[in-house]
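Chemist: Got a file for you: start39.pdb, PDB, C-alpha atoms.
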```pdb
ATOM      1  CA  MET A 258       0.150  19.861  12.802
ATOM      2  CA  ALA A 259      -3.483  20.749  13.407
ATOM      3  CA  GLY A 260      -5.075  18.847  10.540
ATOM      4  CA  LYS A 261      -6.452  15.349  10.166
ATOM      5  CA  VAL A 262      -4.609  12.037  10.101
ATOM      6  CA  TYR A 263      -5.430   9.536   7.348
ATOM      7  CA  ALA A 264      -4.444   6.016   6.320
ATOM      8  CA  LEU A 265      -4.873   4.226   3.000
ATOM      9  CA  SER A 266      -3.206   1.217   1.419
ATOM     10  CA  ASP A 267      -2.477  -0.829  -1.688
ATOM     11  CA  LEU A 268      -2.550   1.806  -4.427
ATOM     12  CA  HIS A 269      -0.879  -0.614  -6.892
ATOM     13  CA  GLY A 270       0.081   1.969  -9.480
ATOM     14  CA  ASN A 271      -3.338   3.653  -9.646
ATOM     15  CA  LEU A 272      -2.283   7.297  -9.587
ATOM     16  CA  GLU A 273      -5.564   8.793 -10.817
ATOM     17  CA  ILE A 274      -7.677   7.350  -8.015
ATOM     18  CA  PHE A 275      -5.020   8.394  -5.482
ATOM     19  CA  LEU A 276      -5.181  11.981  -6.737
ATOM     20  CA  ALA A 277      -8.980  11.820  -6.703
ATOM     21  CA  MET A 278      -8.881  10.670  -3.087
ATOM     22  CA  LEU A 279      -6.580  13.513  -2.041
ATOM     23  CA  GLU A 280      -9.020  15.903  -3.678
ATOM     24  CA  LYS A 281     -12.032  14.203  -2.099
ATOM     25  CA  ILE A 282     -10.677  14.473   1.468
ATOM     26  CA  HIS A 283      -9.379  18.026   0.822
ATOM     27  CA  PHE A 284      -5.881  16.919   1.804
ATOM     28  CA  ASP A 285      -3.495  19.806   2.498
ATOM     29  CA  ASP A 286      -0.241  20.608   4.304
ATOM     30  CA  ARG A 287      -1.927  20.549   7.710
ATOM     31  CA  ASP A 288      -2.930  16.890   7.308
ATOM     32  CA  MET A 289      -0.902  13.696   7.632
ATOM     33  CA  LEU A 290      -1.278  10.655   5.368
ATOM     34  CA  TYR A 291       0.103   7.176   6.074
ATOM     35  CA  ILE A 292       0.267   4.854   3.068
ATOM     36  CA  LEU A 293       0.458   1.237   4.211
ATOM     37  CA  GLY A 294       2.564  -0.161   1.377
ATOM     38  CA  ASP A 295       2.107  -1.631  -2.111
ATOM     39  CA  CYS A 296       2.285   1.464  -4.298
ATOM     40  CA  ASN A 297       3.675  -0.553  -7.213
ATOM     41  CA  ASP A 298       2.633  -3.332  -9.628
ATOM     42  CA  ARG A 299      -0.561  -3.952 -11.616
ATOM     43  CA  GLY A 300      -1.336  -0.283 -12.338
ATOM     44  CA  ASP A 301       0.767   1.783 -14.737
ATOM     45  CA  LYS A 302       1.773   4.806 -12.607
ATOM     46  CA  ALA A 303       3.817   3.366  -9.735
ATOM     47  CA  MET A 304       6.835   5.605 -10.293
ATOM     48  CA  GLU A 305       4.634   8.699 -10.321
ATOM     49  CA  ILE A 306       3.119   7.655  -6.993
ATOM     50  CA  TYR A 307       6.537   7.195  -5.380
ATOM     51  CA  HIS A 308       7.614  10.572  -6.766
ATOM     52  CA  LEU A 309       4.497  12.257  -5.346
ATOM     53  CA  ILE A 310       5.096  10.740  -1.910
ATOM     54  CA  ARG A 311       8.721  11.895  -1.927
ATOM     55  CA  GLN A 312       7.548  15.427  -2.759
ATOM     56  CA  HIS A 313       5.660  15.471   0.576
ATOM     57  CA  PRO A 314       8.215  14.200   3.137
ATOM     58  CA  ASP A 315       6.576  16.055   6.017
ATOM     59  CA  ASN A 316       3.043  14.737   5.651
ATOM     60  CA  MET A 317       3.075  11.580   3.490
ATOM     61  CA  ILE A 318       4.684   8.526   5.091
ATOM     62  CA  LEU A 319       5.027   5.231   3.207
ATOM     63  CA  LEU A 320       5.392   1.852   4.924
ATOM     64  CA  LYS A 321       6.881  -1.298   3.390
ATOM     65  CA  GLY A 322       4.485  -3.613   1.608
ATOM     66  CA  ASN A 323       5.198  -7.062   0.223
ATOM     67  CA  HIS A 324       5.295  -5.624  -3.309
ATOM     68  CA  GLU A 325       8.017  -3.170  -2.286
ATOM     69  CA  LEU A 326       9.953  -6.085  -0.796
ATOM     70  CA  MET A 327       9.567  -8.171  -3.983
ATOM     71  CA  MET A 328      10.755  -5.241  -6.090
ATOM     72  CA  ARG A 329      13.760  -4.621  -3.843
ATOM     73  CA  ASP A 330      14.762  -8.275  -3.792
ATOM     74  CA  PHE A 331      14.520  -8.545  -7.582
ATOM     75  CA  LEU A 332      16.631  -5.412  -8.090
ATOM     76  CA  LEU A 333      19.364  -6.861  -5.869
ATOM     77  CA  LYS A 334      19.964  -9.615  -8.465
ATOM     78  CA  ARG A 335      17.889  -8.671 -11.549
ATOM     79  CA  ASP A 336      17.169 -12.328 -12.137
ATOM     80  CA  TRP A 337      13.651 -13.410 -13.103
ATOM     81  CA  GLU A 338      14.612 -17.041 -12.453
ATOM     82  CA  CYS A 339      15.484 -16.622  -8.780
ATOM     83  CA  PRO A 340      12.638 -17.345  -6.319
ATOM     84  CA  ARG A 341      11.895 -13.691  -5.585
ATOM     85  CA  GLY A 342      12.181 -12.831  -9.278
ATOM     86  CA  ARG A 343       9.560 -15.433 -10.185
ATOM     87  CA  LEU A 344       7.362 -14.269  -7.306
ATOM     88  CA  TRP A 345       7.502 -10.620  -8.365
ATOM     89  CA  GLN A 346       6.950 -11.544 -12.009
ATOM     90  CA  SER A 347       3.767 -13.418 -11.117
ATOM     91  CA  ASN A 348       2.496 -10.484  -9.035
ATOM     92  CA  GLY A 349       2.764  -7.628 -11.528
ATOM     93  CA  GLY A 350       6.463  -6.862 -11.321
ATOM     94  CA  VAL A 351       7.030  -6.811 -15.081
ATOM     95  CA  LYS A 352       4.730  -3.804 -15.458
ATOM     96  CA  THR A 353       6.584  -1.832 -12.780
ATOM     97  CA  LEU A 354       9.981  -2.696 -14.252
ATOM     98  CA  GLU A 355       8.805  -1.600 -17.705
ATOM     99  CA  GLN A 356       7.712   1.739 -16.212
ATOM    100  CA  MET A 357      11.128   2.245 -14.648
ATOM    101  CA  GLU A 358      12.957   1.471 -17.871
ATOM    102  CA  ARG A 359      10.707   3.637 -20.054
ATOM    103  CA  PHE A 360      11.401   6.542 -17.728
ATOM    104  CA  LEU A 361      15.160   5.992 -17.942
ATOM    105  CA  LYS A 362      15.297   5.561 -21.714
ATOM    106  CA  LYS A 363      13.714   8.961 -22.356
ATOM    107  CA  GLY A 364      16.890  10.814 -21.442
ATOM    108  CA  CYS A 365      19.532   8.341 -22.634
ATOM    109  CA  SER A 366      21.539   8.722 -25.816
ATOM    110  CA  CYS A 367      23.078   5.233 -25.836
ATOM    111  CA  GLU A 368      22.854   1.801 -24.224
ATOM    112  CA  LYS A 369      25.847   2.443 -21.952
ATOM    113  CA  GLU A 370      24.226   5.549 -20.502
ATOM    114  CA  PHE A 371      20.958   3.678 -19.998
ATOM    115  CA  LEU A 372      22.681   0.841 -18.109
ATOM    116  CA  GLU A 373      24.534   3.291 -15.881
ATOM    117  CA  LYS A 374      21.343   5.165 -15.047
ATOM    118  CA  ARG A 375      19.493   1.902 -14.471
ATOM    119  CA  ALA A 376      22.149   0.786 -11.990
ATOM    120  CA  ASP A 377      21.863   4.133 -10.187
ATOM    121  CA  LEU A 378      18.072   3.849 -10.012
ATOM    122  CA  ASP A 379      18.300   0.257  -8.770
ATOM    123  CA  ARG A 380      20.637   1.318  -5.957
ATOM    124  CA  TRP A 381      18.400   4.225  -5.041
ATOM    125  CA  MET A 382      15.228   2.123  -5.020
ATOM    126  CA  ILE A 383      16.844  -0.621  -2.922
ATOM    127  CA  GLY A 384      17.965   1.977  -0.380
ATOM    128  CA  TYR A 385      14.566   3.671  -0.435
ATOM    129  CA  VAL A 386      12.675   0.458   0.330
ATOM    130  CA  ASP A 387      15.173  -0.438   3.063
ATOM    131  CA  SER A 388      14.553   2.969   4.665
ATOM    132  CA  LEU A 389      10.785   2.462   4.930
ATOM    133  CA  PRO A 390       9.328   1.368   8.282
ATOM    134  CA  SER A 391       7.543  -1.958   8.606
ATOM    135  CA  PHE A 392       5.082  -0.474  11.112
ATOM    136  CA  ILE A 393       4.380   2.782  12.898
ATOM    137  CA  GLU A 394       2.865   3.334  16.341
ATOM    138  CA  LEU A 395       0.622   6.372  16.800
ATOM    139  CA  ASN A 396      -1.602   7.957  19.396
ATOM    140  CA  VAL A 397      -4.447   9.815  17.708
ATOM    141  CA  GLY A 398      -7.054  11.392  19.964
ATOM    142  CA  GLY A 399      -6.129   9.060  22.813
ATOM    143  CA  GLN A 400      -6.318   5.930  20.630
ATOM    144  CA  GLU A 401      -3.223   3.710  20.597
ATOM    145  CA  LEU A 402      -2.777   2.615  16.969
ATOM    146  CA  VAL A 403      -0.353   0.460  15.007
ATOM    147  CA  LEU A 404      -0.186   0.979  11.237
ATOM    148  CA  ILE A 405       1.215  -1.919   9.216
ATOM    149  CA  HIS A 406       0.933  -3.444   5.749
ATOM    150  CA  ALA A 407      -0.184  -7.025   6.423
ATOM    151  CA  GLY A 408      -0.227  -7.619  10.177
ATOM    152  CA  ILE A 409       1.779  -9.097  13.005
ATOM    153  CA  ASN A 410       2.735 -12.474  14.380
ATOM    154  CA  PRO A 411       0.075 -12.603  17.129
ATOM    155  CA  GLU A 412       2.399 -14.628  19.364
ATOM    156  CA  ALA A 413       5.206 -12.042  19.372
ATOM    157  CA  SER A 414       5.590  -8.500  20.666
ATOM    158  CA  LEU A 415       5.944  -5.541  18.311
ATOM    159  CA  LYS A 416       9.685  -5.418  18.938
ATOM    160  CA  GLU A 417       9.980  -9.047  17.828
ATOM    161  CA  GLN A 418       8.160  -8.640  14.513
ATOM    162  CA  ASP A 419       9.967  -9.699  11.335
ATOM    163  CA  GLU A 420       9.903  -7.612   8.135
ATOM    164  CA  GLU A 421       8.527 -10.530   6.128
ATOM    165  CA  ILE A 422       5.738 -11.243   8.603
ATOM    166  CA  CYS A 423       4.720  -7.579   8.685
ATOM    167  CA  ALA A 424       4.460  -7.548   4.889
ATOM    168  CA  TRP A 425       2.979 -10.973   4.130
ATOM    169  CA  ILE A 426       0.913 -12.460   6.996
ATOM    170  CA  ARG A 427      -2.815 -13.024   6.507
ATOM    171  CA  ASP A 428      -5.439 -15.089   8.346
ATOM    172  CA  TRP A 429      -3.302 -16.134  11.339
ATOM    173  CA  PHE A 430      -3.144 -12.434  12.175
ATOM    174  CA  TYR A 431      -6.650 -11.247  11.498
ATOM    175  CA  LEU A 432      -8.331 -14.321  13.028
ATOM    176  CA  SER A 433      -6.378 -13.937  16.300
ATOM    177  CA  PRO A 434      -6.353 -11.389  19.104
ATOM    178  CA  ALA A 435      -3.668  -8.779  18.457
ATOM    179  CA  ILE A 436      -2.062  -6.456  21.046
ATOM    180  CA  LYS A 437      -3.919  -5.537  24.206
ATOM    181  CA  GLY A 438      -4.792  -1.872  24.345
ATOM    182  CA  LYS A 439      -3.897  -1.188  20.686
ATOM    183  CA  THR A 440      -5.790  -1.194  17.401
ATOM    184  CA  ILE A 441      -3.921  -2.438  14.349
ATOM    185  CA  ILE A 442      -4.781  -0.883  10.985
ATOM    186  CA  PHE A 443      -3.662  -2.982   8.032
ATOM    187  CA  GLY A 444      -3.933  -3.475   4.273
ATOM    188  CA  HIS A 445      -2.619  -6.339   2.094
ATOM    189  CA  THR A 446      -5.631  -8.666   2.213
ATOM    190  CA  PRO A 447      -8.513  -7.511  -0.020
ATOM    191  CA  LEU A 448     -11.536  -7.122   2.192
ATOM    192  CA  CYS A 449     -13.786  -9.307   0.047
ATOM    193  CA  TYR A 450     -11.856 -12.214   1.637
ATOM    194  CA  ILE A 451     -12.571 -10.993   5.181
ATOM    195  CA  ASN A 452     -16.024  -9.399   5.109
ATOM    196  CA  SER A 453     -18.874 -11.851   5.546
ATOM    197  CA  ASN A 454     -20.813 -10.077   2.789
ATOM    198  CA  LYS A 455     -17.793 -10.233   0.410
ATOM    199  CA  SER A 456     -17.706  -6.445   0.075
ATOM    200  CA  PHE A 457     -14.643  -4.198  -0.189
ATOM    201  CA  ASP A 458     -15.819  -2.031   2.725
ATOM    202  CA  VAL A 459     -13.422  -1.217   5.563
ATOM    203  CA  TRP A 460     -13.473  -4.079   8.071
ATOM    204  CA  PHE A 461     -13.787  -3.339  11.794
ATOM    205  CA  ASP A 462     -12.954  -6.577  13.607
ATOM    206  CA  PRO A 463     -16.284  -7.633  15.176
ATOM    207  CA  VAL A 464     -14.758 -10.323  17.416
ATOM    208  CA  TYR A 465     -11.654  -8.838  19.066
ATOM    209  CA  GLN A 466     -12.318  -5.199  18.143
ATOM    210  CA  ASP A 467      -8.587  -4.590  17.837
ATOM    211  CA  LYS A 468      -8.063  -4.545  14.053
ATOM    212  CA  ILE A 469      -9.217  -2.506  11.076
ATOM    213  CA  GLY A 470      -8.622  -3.725   7.513
ATOM    214  CA  ILE A 471      -8.584  -1.125   4.733
ATOM    215  CA  ASP A 472      -7.467  -2.849   1.484
ATOM    216  CA  GLY A 473     -10.342  -2.288  -0.929
ATOM    217  CA  GLY A 474      -8.953  -4.605  -3.602
ATOM    218  CA  LEU A 475      -7.899  -1.746  -5.878
ATOM    219  CA  GLY A 476      -5.010  -3.716  -7.354
ATOM    220  CA  PRO A 477      -6.393  -7.106  -8.398
ATOM    221  CA  PHE A 478     -10.103  -6.368  -8.865
ATOM    222  CA  ASP A 479     -11.873  -4.320 -11.530
ATOM    223  CA  ASN A 480     -14.673  -3.620  -9.050
ATOM    224  CA  GLY A 481     -12.341  -2.761  -6.175
ATOM    225  CA  GLN A 482     -12.159   0.566  -4.409
ATOM    226  CA  LEU A 483      -9.705   2.809  -2.598
ATOM    227  CA  ASN A 484     -10.548   3.210   1.087
ATOM    228  CA  CYS A 485      -9.193   6.107   3.121
ATOM    229  CA  LEU A 486      -9.619   5.967   6.897
ATOM    230  CA  CYS A 487      -9.576   9.162   8.962
ATOM    231  CA  LEU A 488      -7.872   8.189  12.225
ATOM    232  CA  ASN A 489      -9.329  11.120  14.137
ATOM    233  CA  ASP A 490     -12.907   9.837  13.990
ATOM    234  CA  MET A 491     -12.617   6.507  12.076
ATOM    235  CA  SER A 492     -14.777   7.798   9.234
ATOM    236  CA  VAL A 493     -14.195   6.325   5.791
ATOM    237  CA  THR A 494     -13.980   7.881   2.363
ATOM    238  CA  ALA A 495     -14.107   5.411  -0.537
ATOM    239  CA  ILE A 496     -13.813   5.776  -4.292
ATOM    240  CA  LYS A 497     -14.747   2.845  -6.511
ATOM    241  CA  LYS A 498     -12.435   2.135  -9.403
ATOM    242  CA  ARG A 499     -15.278   1.588 -11.855
ATOM    243  CA  ASP A 500     -16.833   4.968 -10.952
ATOM    244  CA  LEU A 501     -13.708   6.994 -11.637
ATOM    245  CA  LYS A 502     -13.929   8.854 -14.945
ATOM    246  CA  PRO A 503     -11.118  10.926 -16.458
ATOM    247  CA  GLY A 504     -11.161  14.330 -14.837
ATOM    248  CA  VAL A 505     -13.930  13.362 -12.402
ATOM    249  CA  GLU A 506     -13.447  12.585  -8.725
ATOM    250  CA  LYS A 507     -16.128  10.402  -7.240
ATOM    251  CA  GLY A 508     -16.577   8.994  -3.749
ATOM    252  CA  GLN A 509     -18.801   8.667  -0.732
ATOM    253  CA  LYS A 510     -18.146   9.428   2.882
ATOM    254  CA  THR A 511     -19.694   7.411   5.695
ATOM    255  CA  ASP A 512     -19.330   7.138   9.468
ATOM    256  CA  GLN A 513     -18.540   3.413   9.698
ATOM    257  CA  GLY A 514     -17.156   2.225   6.397
ATOM    258  CA  GLY A 515     -20.554   1.830   4.779
ATOM    259  CA  VAL A 516     -19.480   2.327   1.190
ATOM    260  CA  LYS A 517     -20.919  -0.612  -0.665
ATOM    261  CA  GLY A 518     -18.712  -2.689  -2.939
ATOM    262  CA  GLY A 519     -18.764  -6.134  -4.500
ATOM    263  CA  PRO A 520     -16.550  -9.168  -4.520
ATOM    264  CA  GLY A 521     -14.368 -10.069  -7.458
ATOM    265  CA  ALA A 522     -12.204 -12.868  -8.740
ATOM    266  CA  GLY A 523      -8.478 -12.981  -9.198
ATOM    267  CA  SER A 524      -5.281 -13.038  -7.161
ATOM    268  CA  LYS A 525      -5.400 -12.229  -3.472
ATOM    269  CA  ASP A 526      -3.288  -9.117  -3.092
TER     270      ASP A 526
END
```
What is this file in structure tokens?
Modeler:
Amino acid sequence: MAGKVYALSDLHGNLEIFLAMLEKIHFDDRDMLYILGDCNDRGDKAMEIYHLIRQHPDNMILLKGNHELMMRDFLLKRDWECPRGRLWQSNGGVKTLEQMERFLKKGCSCEKEFLEKRADLDRWMIGYVDSLPSFIELNVGGQELVLIHAGINPEASLKEQDEEICAWIRDWFYLSPAIKGKTIIFGHTPLCYINSNKSFDVWFDPVYQDKIGIDGGLGPFDNGQLNCLCLNDMSVTAIKKRDLKPGVEKGQKTDQGGVKGGPGAGSKD
């Protein structure tokens, strides 16, 4: 594959801005895109995003995010009162579940048929999430990279990483040195919580220079943005949520993540 290699993260059901980004970077079959988890919850087009990714098995690769794990664990029991059910409910899970059930009801003639199809979809989604990698190692242009949703336990090797840590860890990871000789690219934590200026710009670790954060807060913040990092030259393309108009793709491209954004208020991922 002779094209470019990209990474983005935390789409959270925002299909329109995802499509706008693909258009903005002129994504085609020669390119490769890694999506670092959290395609579901908060936005209203999660199922469409998963379907789009599955239509491009050769050049769109999804990693597990904590929202995929919450969805999977709820579907195993379908109990809002269990710990993972309550956790997913408080993090946007109801909206994703409603999307799934609206999709199923369109083609069902009776309740029995709906329940059978729902059980089939639950089994498929559980298996799909289980099949997703927690991290991927890449060499792009001589750079040794690790792509992951949240980060790693900085006191353990890559082989020792736990699925939950990879999907949930925050400041212990990004405030510590990571893996010698590798750069870790991660999402999960909106960058307004990491950047000293509270922006949603891509964060290049100024202390250890071994991490790059790309979550532009698209899910929880009205003034968030979608960041797309080109791994070939580390240039950034960003589209702000508030600038996206129906039928219009907007964005800016910079050399070092210089798309300006603002902080917001709300939940942290």
Chemist: Find, counting only C-alpha atoms, the residue in A:Gly322, A:Gly364, A:Arg299, A:His313 that gets nearest to Ser347 (chain A).
Modeler: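 Looking only at the distances to Ser347 (chain A), the closest residue turns out to be A:Arg299.
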Chemist: How far is it from CA of Leu326 (chain A) to CA of Glu420 (chain A), in Å with one decimal?
Modeler: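 Between CA of Leu326 (chain A) and CA of Glu420 (chain A) the gap works out to 9.1 Å.
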Chemist: Counting all atoms listed in the file, figure out which residue out of A:Lys281, A:Arg287, A:Arg380, A:Lys261 gets nearest to Arg329 (chain A).
Modeler: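 Among the listed residues, the smallest separation from Arg329 (chain A) belongs to A:Arg380.
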Chemist: Distance CA of Pro477 (chain A)-CA of Thr440 (chain A), one decimal place?
Modeler: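 According to the coordinates, CA of Pro477 (chain A) and CA of Thr440 (chain A) are separated by 26.5 Å.
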Chemist: In file coordinates, which residues lie within 12 Å of (0.9, 7.4, 15.7) using all atoms listed in the file, given as a compact mmCIF listing (two decimals) with C-alpha atoms, keeping the file's coordinate frame?
Modeler:
```
# COMPACT_ATOMS: atom_id res chain seq x y z
CA VAL A 262 -4.61 12.04 10.10
CA TYR A 263 -5.43 9.54 7.35
CA ALA A 264 -4.44 6.02 6.32
CA MET A 289 -0.90 13.70 7.63
CA LEU A 290 -1.28 10.66 5.37
CA TYR A 291 0.10 7.18 6.07
CA ILE A 318 4.68 8.53 5.09
CA PHE A 392 5.08 -0.47 11.11
CA ILE A 393 4.38 2.78 12.90
CA GLU A 394 2.86 3.33 16.34
CA LEU A 395 0.62 6.37 16.80
CA ASN A 396 -1.60 7.96 19.40
CA VAL A 397 -4.45 9.82 17.71
CA GLY A 398 -7.05 11.39 19.96
CA GLY A 399 -6.13 9.06 22.81
CA GLN A 400 -6.32 5.93 20.63
CA GLU A 401 -3.22 3.71 20.60
CA LEU A 402 -2.78 2.62 16.97
CA VAL A 403 -0.35 0.46 15.01
CA LEU A 404 -0.19 0.98 11.24
CA ILE A 405 1.22 -1.92 9.22
CA LYS A 439 -3.90 -1.19 20.69
CA THR A 440 -5.79 -1.19 17.40
CA ILE A 441 -3.92 -2.44 14.35
CA ILE A 442 -4.78 -0.88 10.98
CA LEU A 488 -7.87 8.19 12.22
CA ASN A 489 -9.33 11.12 14.14
```
Chemist: Given the file shown, determine the residues that the PyMOL selection byres ((chain A and resi 378) around 12) selects; report them as an mmCIF file with C-alpha atoms, in the frame of the given file.
Modeler:
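So part-v3.cif came out as:
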```cif
data_model
loop_
_atom_site.group_PDB
_atom_site.id
_atom_site.type_symbol
_atom_site.label_atom_id
_atom_site.label_comp_id
_atom_site.auth_asym_id
_atom_site.auth_seq_id
_atom_site.Cartn_x
_atom_site.Cartn_y
_atom_site.Cartn_z
ATOM 1 C CA MET A 304 6.835 5.605 -10.293
ATOM 2 C CA ARG A 329 13.760 -4.621 -3.843
ATOM 3 C CA LEU A 332 16.631 -5.412 -8.090
ATOM 4 C CA LEU A 333 19.364 -6.861 -5.869
ATOM 5 C CA LEU A 354 9.981 -2.696 -14.252
ATOM 6 C CA MET A 357 11.128 2.245 -14.648
ATOM 7 C CA GLU A 358 12.957 1.471 -17.871
ATOM 8 C CA PHE A 360 11.401 6.542 -17.728
ATOM 9 C CA LEU A 361 15.160 5.992 -17.942
ATOM 10 C CA PHE A 371 20.958 3.678 -19.998
ATOM 11 C CA LEU A 372 22.681 0.841 -18.109
ATOM 12 C CA GLU A 373 24.534 3.291 -15.881
ATOM 13 C CA LYS A 374 21.343 5.165 -15.047
ATOM 14 C CA ARG A 375 19.493 1.902 -14.471
ATOM 15 C CA ALA A 376 22.149 0.786 -11.990
ATOM 16 C CA ASP A 377 21.863 4.133 -10.187
ATOM 17 C CA ASP A 379 18.300 0.257 -8.770
ATOM 18 C CA ARG A 380 20.637 1.318 -5.957
ATOM 19 C CA TRP A 381 18.400 4.225 -5.041
ATOM 20 C CA MET A 382 15.228 2.123 -5.020
ATOM 21 C CA ILE A 383 16.844 -0.621 -2.922
ATOM 22 C CA GLY A 384 17.965 1.977 -0.380
ATOM 23 C CA TYR A 385 14.566 3.671 -0.435
#
```
Chemist: So how far away is CA of His269 (chain A) from CA of Ala413 (chain A), in Å?
Modeler: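 Straight-line distance from CA of Ala413 (chain A) to CA of His269 (chain A) works out to 29.3 Å.
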Chemist: Compile the contact shell of Leu389 (chain A) as a list of chain:residue names: residues with an atom at most 8 Å away, counting all atoms listed in the file, same-chain residues fewer than 2 positions apart removed.
Modeler: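 Once the adjacent positions are removed, what remains is A:Leu319, A:Leu320, A:Lys321, A:Tyr385, A:Val386, A:Asp387, A:Ser391.
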Chemist: Hey, what comes out of the PyMOL selection byres ((chain A and resi 467) around 12) on this file? Could you write it as a PyMOL selection string?
Modeler: chain A and resi 400-403+408+411+430-443+460-466+468-470
Chemist: What does the file look like for those residues with C-alpha atoms, as a PDB file, keeping the file's coordinate frame?
Modeler:
```
ATOM      1  CA  GLN A 400      -6.318   5.930  20.630  1.00  0.00           C
ATOM      2  CA  GLU A 401      -3.223   3.710  20.597  1.00  0.00           C
ATOM      3  CA  LEU A 402      -2.777   2.615  16.969  1.00  0.00           C
ATOM      4  CA  VAL A 403      -0.353   0.460  15.007  1.00  0.00           C
ATOM      5  CA  GLY A 408      -0.227  -7.619  10.177  1.00  0.00           C
ATOM      6  CA  PRO A 411       0.075 -12.603  17.129  1.00  0.00           C
ATOM      7  CA  PHE A 430      -3.144 -12.434  12.175  1.00  0.00           C
ATOM      8  CA  TYR A 431      -6.650 -11.247  11.498  1.00  0.00           C
ATOM      9  CA  LEU A 432      -8.331 -14.321  13.028  1.00  0.00           C
ATOM     10  CA  SER A 433      -6.378 -13.937  16.300  1.00  0.00           C
ATOM     11  CA  PRO A 434      -6.353 -11.389  19.104  1.00  0.00           C
ATOM     12  CA  ALA A 435      -3.668  -8.779  18.457  1.00  0.00           C
ATOM     13  CA  ILE A 436      -2.062  -6.456  21.046  1.00  0.00           C
ATOM     14  CA  LYS A 437      -3.919  -5.537  24.206  1.00  0.00           C
ATOM     15  CA  GLY A 438      -4.792  -1.872  24.345  1.00  0.00           C
ATOM     16  CA  LYS A 439      -3.897  -1.188  20.686  1.00  0.00           C
ATOM     17  CA  THR A 440      -5.790  -1.194  17.401  1.00  0.00           C
ATOM     18  CA  ILE A 441      -3.921  -2.438  14.349  1.00  0.00           C
ATOM     19  CA  ILE A 442      -4.781  -0.883  10.985  1.00  0.00           C
ATOM     20  CA  PHE A 443      -3.662  -2.982   8.032  1.00  0.00           C
ATOM     21  CA  TRP A 460     -13.473  -4.079   8.071  1.00  0.00           C
ATOM     22  CA  PHE A 461     -13.787  -3.339  11.794  1.00  0.00           C
ATOM     23  CA  ASP A 462     -12.954  -6.577  13.607  1.00  0.00           C
ATOM     24  CA  PRO A 463     -16.284  -7.633  15.176  1.00  0.00           C
ATOM     25  CA  VAL A 464     -14.758 -10.323  17.416  1.00  0.00           C
ATOM     26  CA  TYR A 465     -11.654  -8.838  19.066  1.00  0.00           C
ATOM     27  CA  GLN A 466     -12.318  -5.199  18.143  1.00  0.00           C
ATOM     28  CA  LYS A 468      -8.063  -4.545  14.053  1.00  0.00           C
ATOM     29  CA  ILE A 469      -9.217  -2.506  11.076  1.00  0.00           C
ATOM     30  CA  GLY A 470      -8.622  -3.725   7.513  1.00  0.00           C
TER      31      GLY A 470
END
```
Chemist: For a quick check of your reading of the model, name the residues lying within 10 Å of the coordinate (-10.1, 0.0, 1.5), counting all atoms listed in the file, and write them as a VMD selection string.
Modeler: chain A and resid 264 to 268 443 to 448 457 to 460 469 to 475 481 to 486 493 to 497 514 516
Chemist: Translate the PyMOL selection byres ((chain A and resi 422) around 10), as applied to the file shown, into an explicit residue set as a ChimeraX atom specification.
Modeler: /A:323,391,406-410,418-421,423-427,430
Chemist: Using the file's own x, y and z axes, so that the box edges lie along x, y and z, what centre and edge lengths in Å (one decimal) does a box around every listed atom of region 472-488 of chain A get when 5 Å is added on each side? Give it as lines of an AutoDock Vina configuration file.
Modeler:
```
center_x = -9.8
center_y = 1.0
center_z = 0.3
size_x = 19.7
size_y = 26.3
size_z = 33.8
```
Chemist: Closest to Lys498 (chain A) among A:Pro314, A:Gly294, A:Gly300, A:Gly349, using only C-alpha atoms?
Modeler: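 Residue with the minimum atom-to-atom distance to Lys498 (chain A): A:Gly300.
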Chemist: Counting all atoms listed in the file, which residue out of A:Asp500, A:Glu412, A:Ser366, A:Asp428 sits closest to Tyr450 (chain A)?
Modeler: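 Nearest to Tyr450 (chain A): A:Asp428.
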